[in-house]
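Text of input.tsv, listed as TSV, C-alpha atoms:
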chain	number	residue	atom	x	y	z
A	1	MET	CA	315.75	46.05	199.39
A	2	ASP	CA	315.50	49.77	199.87
A	3	ASN	CA	314.91	51.50	196.58
A	4	THR	CA	314.16	54.99	197.89
A	5	ILE	CA	317.13	56.63	196.19
A	6	ALA	CA	316.32	55.09	192.82
A	7	LEU	CA	312.68	56.10	193.24
A	8	LYS	CA	313.63	59.66	194.08
A	9	ASN	CA	315.93	59.92	191.08
A	10	PHE	CA	313.18	58.58	188.85
A	11	LEU	CA	310.66	61.07	190.22
A	12	TYR	CA	313.09	63.96	189.75
A	13	ARG	CA	313.68	63.03	186.12
A	14	LEU	CA	309.96	62.90	185.47
A	15	ALA	CA	309.11	66.05	187.42
A	16	ASP	CA	311.94	68.07	185.86
A	17	ASP	CA	310.82	67.10	182.34
A	18	HIS	CA	307.34	68.39	183.05
A	19	LEU	CA	308.48	71.52	184.87
A	20	ILE	CA	310.89	72.61	182.16
A	21	LEU	CA	308.63	71.77	179.23
A	22	GLY	CA	305.67	73.37	181.00
A	23	HIS	CA	307.71	76.52	181.44
A	24	ARG	CA	308.89	76.44	177.84
A	25	ASN	CA	305.41	75.94	176.42
A	26	SER	CA	304.04	78.75	178.56
A	27	GLU	CA	306.25	81.08	176.51
A	28	TRP	CA	303.60	80.79	173.79
A	29	THR	CA	301.01	82.49	175.96
A	30	GLY	CA	299.80	85.55	174.08
A	31	LEU	CA	301.73	84.58	170.95
A	32	GLY	CA	299.89	81.47	169.75
A	33	PRO	CA	298.81	81.29	166.12
A	34	MET	CA	295.17	81.98	166.98
A	35	LEU	CA	293.29	82.86	170.14
A	36	GLU	CA	291.73	79.44	170.70
A	37	GLU	CA	295.02	77.62	170.16
A	38	ASP	CA	296.86	80.08	172.36
A	39	ILE	CA	294.49	79.25	175.19
A	40	ALA	CA	294.70	75.52	174.49
A	41	PHE	CA	298.49	75.48	174.46
A	42	SER	CA	298.75	77.61	177.59
A	43	ASN	CA	296.24	75.38	179.31
A	44	MET	CA	298.34	72.31	178.54
A	45	ALA	CA	301.49	74.10	179.72
A	46	GLN	CA	299.73	74.73	183.03
A	47	ASP	CA	298.75	71.06	183.21
A	48	LYS	CA	302.42	70.16	182.89
A	49	LEU	CA	303.37	72.44	185.77
A	50	GLY	CA	300.59	70.85	187.81
A	51	GLN	CA	301.98	67.38	187.05
A	52	ALA	CA	305.47	68.54	188.04
A	53	LEU	CA	304.11	69.95	191.30
A	54	ALA	CA	302.33	66.69	192.13
A	55	LEU	CA	305.56	64.75	191.53
A	56	TYR	CA	307.62	67.14	193.68
A	57	GLU	CA	304.98	66.69	196.39
A	58	ILE	CA	305.55	62.95	196.32
A	59	LEU	CA	309.27	63.67	196.62
A	60	GLU	CA	308.58	65.84	199.65
A	61	THR	CA	306.86	62.93	201.39
A	62	LEU	CA	310.06	60.94	200.74
A	63	GLY	CA	312.08	63.51	202.68
A	64	GLU	CA	313.05	65.93	199.91
A	65	LEU	CA	312.71	69.70	200.23
A	66	PRO	CA	309.35	71.38	199.47
A	67	PRO	CA	308.28	71.71	195.80
A	68	ASP	CA	309.04	75.43	195.50
A	69	THR	CA	312.52	74.91	196.87
A	70	VAL	CA	313.42	72.05	194.56
A	71	ALA	CA	311.81	73.71	191.55
A	72	PHE	CA	313.35	77.12	192.03
A	73	THR	CA	316.64	76.82	193.87
A	74	ARG	CA	318.57	73.91	192.42
A	75	ALA	CA	321.70	74.44	190.34
A	76	GLU	CA	321.49	73.72	186.63
A	77	ASN	CA	323.41	70.43	186.84
A	78	LYS	CA	321.04	69.11	189.50
A	79	TYR	CA	318.14	69.08	187.06
A	80	THR	CA	317.74	65.73	185.35
A	81	CYS	CA	315.30	66.61	182.60
A	82	CYS	CA	316.17	65.35	179.14
A	83	GLN	CA	317.77	67.94	176.88
A	84	TYR	CA	314.81	67.87	174.52
A	85	VAL	CA	312.57	69.87	176.86
A	86	GLU	CA	315.13	72.66	177.29
A	87	HIS	CA	315.28	73.65	173.66
A	88	PRO	CA	313.69	77.01	172.86
A	89	ILE	CA	310.13	76.99	171.53
A	90	GLY	CA	311.31	77.92	168.03
A	91	GLU	CA	308.53	78.43	165.55
A	92	TYR	CA	305.17	76.82	166.09
A	93	ASP	CA	306.12	73.81	163.97
A	94	PHE	CA	308.94	72.93	166.38
A	95	SER	CA	306.74	73.32	169.44
A	96	LEU	CA	303.93	71.27	167.92
A	97	VAL	CA	306.20	68.40	166.94
A	98	ARG	CA	307.79	68.41	170.40
A	99	HIS	CA	304.30	68.44	171.90
A	100	PHE	CA	303.42	65.42	169.74
A	101	LEU	CA	306.59	63.41	170.42
A	102	PHE	CA	306.90	64.25	174.11
A	103	ASP	CA	303.26	63.90	175.07
A	104	HIS	CA	302.88	60.50	173.44
A	105	ALA	CA	305.77	59.31	175.59
A	106	ALA	CA	304.29	61.02	178.66
A	107	TYR	CA	300.89	59.46	178.13
A	108	LEU	CA	302.30	55.95	177.75
A	109	ARG	CA	304.62	56.48	180.71
A	110	PHE	CA	301.77	57.51	183.00
A	111	GLU	CA	299.68	54.63	181.71
A	112	MET	CA	302.50	52.25	182.67
A	113	LEU	CA	302.89	54.04	186.00
A	114	THR	CA	299.32	53.23	187.01
A	115	GLN	CA	300.87	49.80	187.77
A	116	SER	CA	303.77	51.24	189.76
A	117	SER	CA	304.77	49.68	193.06
A	118	CYS	CA	305.05	53.23	194.38
A	119	GLU	CA	301.45	53.71	195.44
A	120	PRO	CA	301.25	57.54	195.45
A	121	LEU	CA	302.79	57.54	191.98
A	122	ALA	CA	300.31	54.93	190.71
A	123	LYS	CA	297.45	57.02	192.11
A	124	LEU	CA	298.78	60.19	190.53
A	125	ALA	CA	299.22	58.43	187.20
A	126	ALA	CA	295.61	57.24	187.24
A	127	LYS	CA	294.50	60.77	188.04
A	128	VAL	CA	296.41	62.65	185.32
A	129	LYS	CA	296.19	60.05	182.56
A	130	GLY	CA	293.04	61.66	181.13
A	131	GLU	CA	294.64	65.08	181.13
A	132	ILE	CA	297.56	63.83	179.06
A	133	LYS	CA	295.23	61.83	176.83
A	134	TYR	CA	293.71	65.13	175.76
A	135	HIS	CA	297.19	66.55	175.11
A	136	VAL	CA	297.82	63.61	172.80
A	137	MET	CA	294.48	64.11	171.03
A	138	HIS	CA	295.34	67.75	170.51
A	139	ALA	CA	298.79	66.95	169.14
A	140	ASP	CA	297.52	64.16	166.88
A	141	ILE	CA	294.92	66.35	165.23
A	142	TRP	CA	297.41	69.13	164.57
A	143	ILE	CA	299.98	66.73	163.13
A	144	GLU	CA	297.38	65.10	160.93
A	145	LYS	CA	295.93	68.37	159.66
A	146	LEU	CA	299.33	69.85	158.90
A	147	GLY	CA	300.73	66.62	157.49
A	148	LEU	CA	297.80	66.41	155.10
A	149	GLY	CA	297.50	70.18	154.66
A	150	ASN	CA	299.38	71.86	151.85
A	151	GLU	CA	302.89	71.47	150.54
A	152	GLU	CA	304.34	73.99	152.97
A	153	SER	CA	302.66	72.61	156.08
A	154	HIS	CA	303.66	69.06	155.16
A	155	ALA	CA	307.27	70.02	154.44
A	156	ARG	CA	307.62	71.97	157.66
A	157	ILE	CA	306.20	69.23	159.85
A	158	GLN	CA	308.27	66.53	158.17
A	159	SER	CA	311.48	68.52	158.50
A	160	MET	CA	310.68	69.20	162.16
A	161	ILE	CA	310.13	65.49	162.78
A	162	ASN	CA	313.54	64.84	161.25
A	163	GLU	CA	315.11	67.58	163.34
A	164	ASN	CA	313.35	66.58	166.58
A	165	PHE	CA	313.69	62.85	166.43
A	166	ASN	CA	317.12	62.32	167.98
A	167	LEU	CA	316.29	64.85	170.67
A	168	ALA	CA	313.09	62.95	171.37
A	169	LEU	CA	315.01	59.66	171.66
A	170	GLY	CA	316.84	61.34	174.54
A	171	ILE	CA	313.62	61.12	176.57
A	172	PHE	CA	314.37	57.41	176.97
A	173	GLU	CA	317.96	57.82	178.15
A	174	SER	CA	318.70	55.02	180.56
A	175	SER	CA	320.12	55.80	184.00
A	176	ALA	CA	322.44	53.91	186.34
A	177	ASP	CA	319.48	52.86	188.48
A	178	GLU	CA	317.39	51.59	185.56
A	179	GLN	CA	317.58	47.89	186.55
A	180	GLU	CA	316.70	48.66	190.15
A	181	ILE	CA	313.70	50.70	189.03
A	182	ILE	CA	312.47	47.86	186.86
A	183	SER	CA	313.11	45.07	189.37
A	184	SER	CA	311.44	46.94	192.21
A	185	GLY	CA	308.35	47.51	190.06
A	186	ILE	CA	308.53	51.29	190.12
A	187	PHE	CA	308.48	51.48	186.34
A	188	ALA	CA	308.73	48.90	183.57
A	189	GLY	CA	311.68	50.66	181.94
A	190	GLU	CA	312.67	53.19	179.31
A	191	GLU	CA	313.28	50.61	176.58
A	192	LEU	CA	309.78	49.20	176.87
A	193	LEU	CA	308.37	52.72	176.88
A	194	LYS	CA	310.33	53.58	173.75
A	195	ALA	CA	308.99	50.51	171.96
A	196	LYS	CA	305.41	51.40	172.92
A	197	TRP	CA	306.02	54.99	171.86
A	198	LEU	CA	307.25	54.00	168.40
A	199	GLU	CA	304.22	51.76	168.07
A	200	ALA	CA	301.92	54.64	169.00
A	201	ILE	CA	303.36	57.41	166.86
A	202	THR	CA	304.11	55.43	163.69
A	203	PRO	CA	300.49	54.88	162.55
A	204	ILE	CA	299.60	58.51	163.23
A	205	LEU	CA	302.53	59.70	161.14
A	206	ASN	CA	301.69	57.23	158.37
A	207	LYS	CA	298.09	58.38	158.30
A	208	SER	CA	299.34	61.98	158.05
A	209	ASN	CA	301.65	61.20	155.12
A	210	LEU	CA	304.68	61.72	157.38
A	211	LYS	CA	307.45	59.33	158.28
A	212	LEU	CA	310.04	58.69	160.92
A	213	PRO	CA	313.64	59.37	159.94
A	214	ASN	CA	315.52	56.38	158.61
A	215	GLU	CA	316.53	54.09	161.46
A	216	ASN	CA	320.25	54.21	160.61
A	217	THR	CA	320.22	57.94	161.40
A	218	TRP	CA	318.82	57.44	164.90
A	219	ASN	CA	321.25	58.80	167.43
A	220	PRO	CA	319.71	59.76	170.80
A	221	VAL	CA	320.80	63.07	172.31
A	222	LEU	CA	321.90	62.00	175.78
A	223	GLY	CA	323.24	63.61	178.92
A	224	GLY	CA	320.23	65.36	180.43
A	225	ARG	CA	319.46	62.52	182.85
A	226	ASN	CA	322.97	62.91	184.30
A	227	GLY	CA	322.76	66.68	184.66
A	228	TYR	CA	324.55	67.56	181.41
A	229	HIS	CA	322.50	70.22	179.70
A	230	THR	CA	322.47	72.46	176.68
A	231	ASN	CA	323.25	76.16	176.89
A	232	TYR	CA	319.52	76.77	176.77
A	233	LEU	CA	318.72	75.53	180.27
A	234	GLN	CA	320.55	78.06	182.44
A	235	PRO	CA	318.87	81.16	180.92
A	236	LEU	CA	315.50	79.42	181.34
A	237	LEU	CA	316.24	78.67	184.99
A	238	THR	CA	317.49	82.20	185.63
A	239	GLU	CA	314.24	83.59	184.33
A	240	MET	CA	312.07	80.99	186.05
A	241	GLN	CA	313.84	81.43	189.40
A	242	GLU	CA	314.03	85.22	189.24
A	243	VAL	CA	310.92	86.05	191.24
A	244	PHE	CA	311.51	83.32	193.78
A	245	ALA	CA	315.09	84.53	194.28
A	246	ILE	CA	313.94	88.07	195.16
A	247	ASP	CA	312.08	86.84	198.21
A	248	PRO	CA	312.08	83.07	198.86
A	249	SER	CA	309.79	83.52	201.88
A	250	ALA	CA	307.07	85.40	199.96
A	251	GLU	CA	303.55	84.06	200.37
A	252	TRP	CA	301.21	84.03	197.37
B	1	MET	CA	291.64	103.13	162.37
B	2	LYS	CA	289.21	100.69	160.90
B	3	ILE	CA	289.59	97.18	162.17
B	4	VAL	CA	289.39	94.79	159.25
B	5	SER	CA	289.72	91.65	161.27
B	6	LEU	CA	290.70	90.60	164.76
B	7	ASP	CA	292.55	87.66	163.28
B	8	PRO	CA	296.24	88.68	163.39
B	9	ARG	CA	297.01	86.83	160.14
B	10	VAL	CA	294.40	88.91	158.37
B	11	ALA	CA	295.20	92.13	160.21
B	12	ARG	CA	298.82	91.84	159.08
B	13	THR	CA	297.97	91.52	155.39
B	14	GLU	CA	297.66	94.56	153.16
B	15	LYS	CA	294.38	96.42	153.33
B	16	VAL	CA	292.03	95.51	150.53
B	17	GLU	CA	289.21	97.79	149.44
B	18	GLY	CA	285.77	96.43	148.70
B	19	THR	CA	284.52	92.98	149.50
B	20	VAL	CA	286.92	90.18	150.24
B	21	GLU	CA	286.16	86.59	149.47
B	22	LEU	CA	286.79	84.69	152.69
B	23	SER	CA	288.66	81.45	152.42
B	24	PRO	CA	288.79	78.87	155.20
B	25	LEU	CA	292.48	79.64	155.71
B	26	THR	CA	292.07	83.36	156.27
B	27	GLU	CA	288.90	83.39	158.34
B	28	PHE	CA	287.86	80.31	160.19
B	29	GLN	CA	284.20	79.52	160.60
B	30	THR	CA	282.60	79.57	164.00
B	31	TYR	CA	281.15	76.66	165.90
B	32	GLU	CA	278.55	76.85	168.65
B	33	VAL	CA	279.60	74.97	171.76
B	34	PHE	CA	277.28	72.98	174.00
B	35	HIS	CA	278.41	71.71	177.33
B	36	GLN	CA	277.00	68.86	179.43
B	37	LYS	CA	277.84	69.00	183.10
B	38	LYS	CA	276.52	65.61	184.09
B	39	ARG	CA	275.53	62.58	182.09
B	40	GLY	CA	271.77	62.63	181.56
B	41	GLU	CA	271.49	66.38	181.87
B	42	GLN	CA	270.82	68.61	178.91
B	43	HIS	CA	273.65	70.13	176.93
B	44	GLU	CA	273.73	73.87	177.45
B	45	HIS	CA	274.94	76.44	174.99
B	46	VAL	CA	278.06	78.11	176.36
B	47	GLY	CA	279.53	80.13	173.49
B	48	ILE	CA	281.43	79.85	170.26
B	49	VAL	CA	284.90	78.94	169.00
B	50	HIS	CA	286.71	79.72	165.77
B	51	ALA	CA	288.11	76.62	164.14
B	52	PRO	CA	289.23	75.42	160.72
B	53	ASN	CA	287.49	72.04	161.00
B	54	ASP	CA	285.23	69.89	163.16
B	55	GLU	CA	287.96	68.05	165.07
B	56	MET	CA	289.77	71.22	166.04
B	57	ALA	CA	286.51	72.87	167.02
B	58	LEU	CA	286.03	70.10	169.55
B	59	LEU	CA	289.60	70.51	170.84
B	60	PHE	CA	289.25	74.24	171.21
B	61	ALA	CA	285.83	73.91	172.82
B	62	LYS	CA	287.42	71.76	175.50
B	63	ASP	CA	290.00	74.39	176.33
B	64	GLN	CA	287.71	77.41	176.04
B	65	TYR	CA	284.73	76.04	177.91
B	66	ALA	CA	285.60	72.91	179.82
B	67	ARG	CA	288.88	73.64	181.57
B	68	ARG	CA	287.15	74.80	184.72
B	69	GLY	CA	284.23	73.16	186.42
B	70	LEU	CA	282.53	69.91	185.56
B	71	CYS	CA	282.02	68.56	182.08
B	72	VAL	CA	281.34	65.07	180.78
B	73	ASN	CA	280.50	65.79	177.15
B	74	LEU	CA	280.77	68.51	174.54
B	75	TRP	CA	278.90	69.19	171.33
B	76	VAL	CA	280.05	71.54	168.61
B	77	VAL	CA	277.82	72.57	165.74
B	78	LYS	CA	278.75	74.82	162.84
B	79	SER	CA	277.11	78.17	163.50
B	80	GLU	CA	275.77	78.18	159.95
B	81	HIS	CA	273.77	75.07	160.79
B	82	ILE	CA	271.78	76.85	163.48
B	83	ILE	CA	268.33	77.80	162.32
B	84	ALA	CA	267.19	80.86	164.20
B	85	SER	CA	264.06	82.92	164.49
B	86	SER	CA	264.28	86.51	163.39
B	87	TYR	CA	264.50	89.42	165.80
B	88	GLU	CA	262.02	91.24	163.57
B	89	ASP	CA	259.50	88.63	164.63
B	90	SER	CA	260.28	88.88	168.31
B	91	ASP	CA	256.80	90.34	168.86
B	92	ILE	CA	255.51	86.77	168.68
B	93	PHE	CA	256.84	86.39	172.22
B	94	ASP	CA	255.43	89.69	173.53
B	95	THR	CA	252.46	88.29	175.41
B	96	THR	CA	254.32	85.30	176.86
B	97	PRO	CA	255.20	86.91	180.22
B	98	GLY	CA	251.52	87.68	180.80
B	99	LYS	CA	250.38	84.08	180.43
B	100	THR	CA	250.91	83.09	184.04
B	101	TYR	CA	248.13	80.53	183.73
B	102	ARG	CA	250.64	78.50	181.71
B	103	GLU	CA	252.99	78.31	184.68
B	104	ALA	CA	252.58	75.80	187.47
B	105	GLY	CA	252.54	78.70	189.91
B	106	GLY	CA	249.44	80.07	188.18
B	107	TYR	CA	247.33	77.36	189.75
B	108	LYS	CA	246.27	78.11	193.29
B	109	VAL	CA	246.04	74.67	194.84
B	110	MET	CA	247.53	75.11	198.31
B	111	ASP	CA	244.09	75.94	199.77
B	112	LYS	CA	242.69	72.68	198.46
B	113	ILE	CA	245.71	70.72	199.64
B	114	ASN	CA	245.49	72.22	203.14
B	115	LYS	CA	241.78	71.55	203.24
B	116	PHE	CA	242.40	67.94	202.25
B	117	LYS	CA	245.11	67.59	204.90
B	118	GLY	CA	242.79	69.13	207.47
B	119	LYS	CA	240.13	66.49	206.77
B	120	LYS	CA	242.52	63.60	207.59

Spell out the structure here as structure tokens.
Amino acid sequence: MDNTIALKNFLYRLADDHLILGHRNSEWTGLGPMLEEDIAFSNMAQDKLGQALALYEILETLGELPPDTVAFTRAENKYTCCQYVEHPIGEYDFSLVRHFLFDHAAYLRFEMLTQSSCEPLAKLAAKVKGEIKYHVMHADIWIEKLGLGNEESHARIQSMINENFNLALGIFESSADEQEIISSGIFAGEELLKAKWLEAITPILNKSNLKLPNENTWNPVLGGRNGYHTNYLQPLLTEMQEVFAIDPSAEW
Amino acid sequence: MKIVSLDPRVARTEKVEGTVELSPLTEFQTYEVFHQKKRGEQHEHVGIVHAPNDEMALLFAKDQYARRGLCVNLWVVKSEHIIASSYEDSDIFDTTPGKTYREAGGYKVMDKINKFKGKK
């Protein structure tokens, strides 16, 4: 059975998540709460762009257009990132909580992808797993320190977890080709990833005196995987594509 | 303009005359960072980071000093835990450069080695 189309769609979803969040997080460069953290956050944003590039390169070997073209010339509704990554950086509490919730999912996803039937993807996953492991370490320490910090830091992180949670559930939005992706061994599936993710983040939140929102309020923010986006994505794309649009043939 | 602090959170606060008691939340302590390029090699001092606690010092050290080039291990040590000699006493090292007899190169052995080789 030929699963190339499903594989491509899967790779686009993953690459777009990393491209858009990498771009978002890079907006903190020069504005981080302290010099060292500014550098750390910018460094991780760059890692995300690197991961996106590597995924677009795999797509190119499958017959898609070159990475720069797909990253910088597609229309807004052709991007299949989840809506979570499009949201503006907000204050540092929002960005940190997104970093925590997203990167835990990313780490577990890449860990699962080391077993992927798509060999270049499995190789890439093995290569970048350590990079994302550090992102998770960074996020965990911040969450713990702020969760156990003072009244203000605790309240802000808890309210951000409440505010972010349904957006974060949108990471695991299932797509039409989900069963094909699972049965062909490309990836073990969004539901399994979500279960692993909840298992990973819960003890860290508990230890930090934080908790997940009550389960009966869970309501994933969906649409991104089908090209339905928030009003935040287009302005981001316009800015991101601006330089490329001036001269698409420019060499760097 | 007198710069009170390079930390933006402190720079933004109202100017205070006289001495200011530093608290860990207004001025972080510094940590010395040591970097090991290869397992088995010595850790080398590479610089410092500001951090509010040990765990974050290690995180920041990774991004400041180990994001380019090779690294397998990092150490961070609170700067206050470094015990240093005094620059006033730096005259204790004055004669060191002259003591070439303490260096391997101070021993002229090539003549003997060549003589030995010549015998064979």

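A straight line drawn from CA of Gly69 in chain B to CA of His99 in chain A is 25.2 Å long.
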
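Nearest-residue note for Leu237 in chain A: choosing from A:Leu210, A:Ile20, A:Ala6, A:Val85, the minimum distance belongs to A:Ile20, counting all atoms listed in the file.
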
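Shortest separation to chain B among A:Lys145, A:Tyr84, A:Asp68, A:Ala105 occurs at residue A:Lys145, atoms counted being all atoms listed in the file.
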
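In this structure, CA of Glu41 in chain B sits 18.4 Å away from CA of Val77 in chain B.
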
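Reported to one decimal place, the separation of CA of Glu103 in chain B from CA of Phe116 in chain B is 23.0 Å.
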
Contact set, chain B to chain A: 10 Å, all atoms listed in the file, as a ChimeraX atom specification: /B:6-9,49-53,55-64,67

Go ahead and write the selection's residues with C-alpha atoms as a PDB file, in the frame of the given file.
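The result, written out as out34.pdb:
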ATOM      1  CA  LEU B   6     290.700  90.600 164.760  1.00  0.00           C
ATOM      2  CA  ASP B   7     292.550  87.660 163.280  1.00  0.00           C
ATOM      3  CA  PRO B   8     296.240  88.680 163.390  1.00  0.00           C
ATOM      4  CA  ARG B   9     297.010  86.830 160.140  1.00  0.00           C
ATOM      5  CA  VAL B  49     284.900  78.940 169.000  1.00  0.00           C
ATOM      6  CA  HIS B  50     286.710  79.720 165.770  1.00  0.00           C
ATOM      7  CA  ALA B  51     288.110  76.620 164.140  1.00  0.00           C
ATOM      8  CA  PRO B  52     289.230  75.420 160.720  1.00  0.00           C
ATOM      9  CA  ASN B  53     287.490  72.040 161.000  1.00  0.00           C
ATOM     10  CA  GLU B  55     287.960  68.050 165.070  1.00  0.00           C
ATOM     11  CA  MET B  56     289.770  71.220 166.040  1.00  0.00           C
ATOM     12  CA  ALA B  57     286.510  72.870 167.020  1.00  0.00           C
ATOM     13  CA  LEU B  58     286.030  70.100 169.550  1.00  0.00           C
ATOM     14  CA  LEU B  59     289.600  70.510 170.840  1.00  0.00           C
ATOM     15  CA  PHE B  60     289.250  74.240 171.210  1.00  0.00           C
ATOM     16  CA  ALA B  61     285.830  73.910 172.820  1.00  0.00           C
ATOM     17  CA  LYS B  62     287.420  71.760 175.500  1.00  0.00           C
ATOM     18  CA  ASP B  63     290.000  74.390 176.330  1.00  0.00           C
ATOM     19  CA  GLN B  64     287.710  77.410 176.040  1.00  0.00           C
ATOM     20  CA  ARG B  67     288.880  73.640 181.570  1.00  0.00           C
TER      21      ARG B  67
END

Which residues are close to Val33 in chain B, i.e. within 6 Å by all atoms listed in the file, leaving aside same-chain residues fewer than 6 positions away? Reply as an NGL selection string. :B and (45-48 or 75-76)

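Excluding Leu124 in chain A itself and same-chain residues fewer than 4 positions from it, the residues having an atom within 10 Å of it are Gln51, Ala54, Leu55, Ile58, Phe110, Leu113, Thr114, Glu119, Pro120, Val128 and Lys129 of chain A, counting all atoms listed in the file.
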
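With all atoms listed in the file as the basis for measurement, A:Asn25 is the residue among A:Val221, A:Gly147, A:Asn25, A:Leu49 that approaches Gly90 in chain A most closely.
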
Give the answer as one residue: which of B:His81, B:Leu70, B:Tyr101, B:Lys108 has the shortest atom-to-atom distance to Glu32 in chain B, using only C-alpha atoms? B:His81

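Residues lying within 9 Å of Ile171 in chain A, counting all atoms listed in the file and ignoring same-chain neighbours fewer than 2 positions away, are Asp17, Cys81, Cys82, Gln83, Tyr84, Val85, Phe102, Ala105, Leu167, Ala168, Leu169, Glu173, Ser174, Glu190, Lys194, Pro220, Val221, Leu222, Gly224 and Arg225 of chain A.
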
May I ask which of the residues A:His18, A:Thr69, A:Glu76, A:Cys118 is the closest one to Ser249 in chain A, counting all atoms listed in the file? A:Thr69

Around (321.2, 67.8, 183.5), as given in the file, which residues come within 6 Å? Count all atoms listed in the file and list them as a ChimeraX atom specification. /A:77,79-80,224-229

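Omitting Gly189 in chain A and its sequence neighbours fewer than 5 positions away, and counting all atoms listed in the file, the residues within 9 Å are Phe172, Ser174, Glu178, Gln179, Ile181, Ile182 and Lys194 of chain A.
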
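Using only C-alpha atoms for every distance, the candidate list A:Lys78, A:Arg24, A:Lys48, A:Lys211 yields A:Lys211 as the residue closest to His154 in chain A.
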
Put the listed atoms of range 22-40 of chain A in a box along x, y and z with 3 Å added on every side and give me the centre and edge lengths in Å to one decimal, as JSON.
{"center_x": 300.3, "center_y": 79.5, "center_z": 173.8, "size_x": 23.2, "size_y": 18.2, "size_z": 21.3}
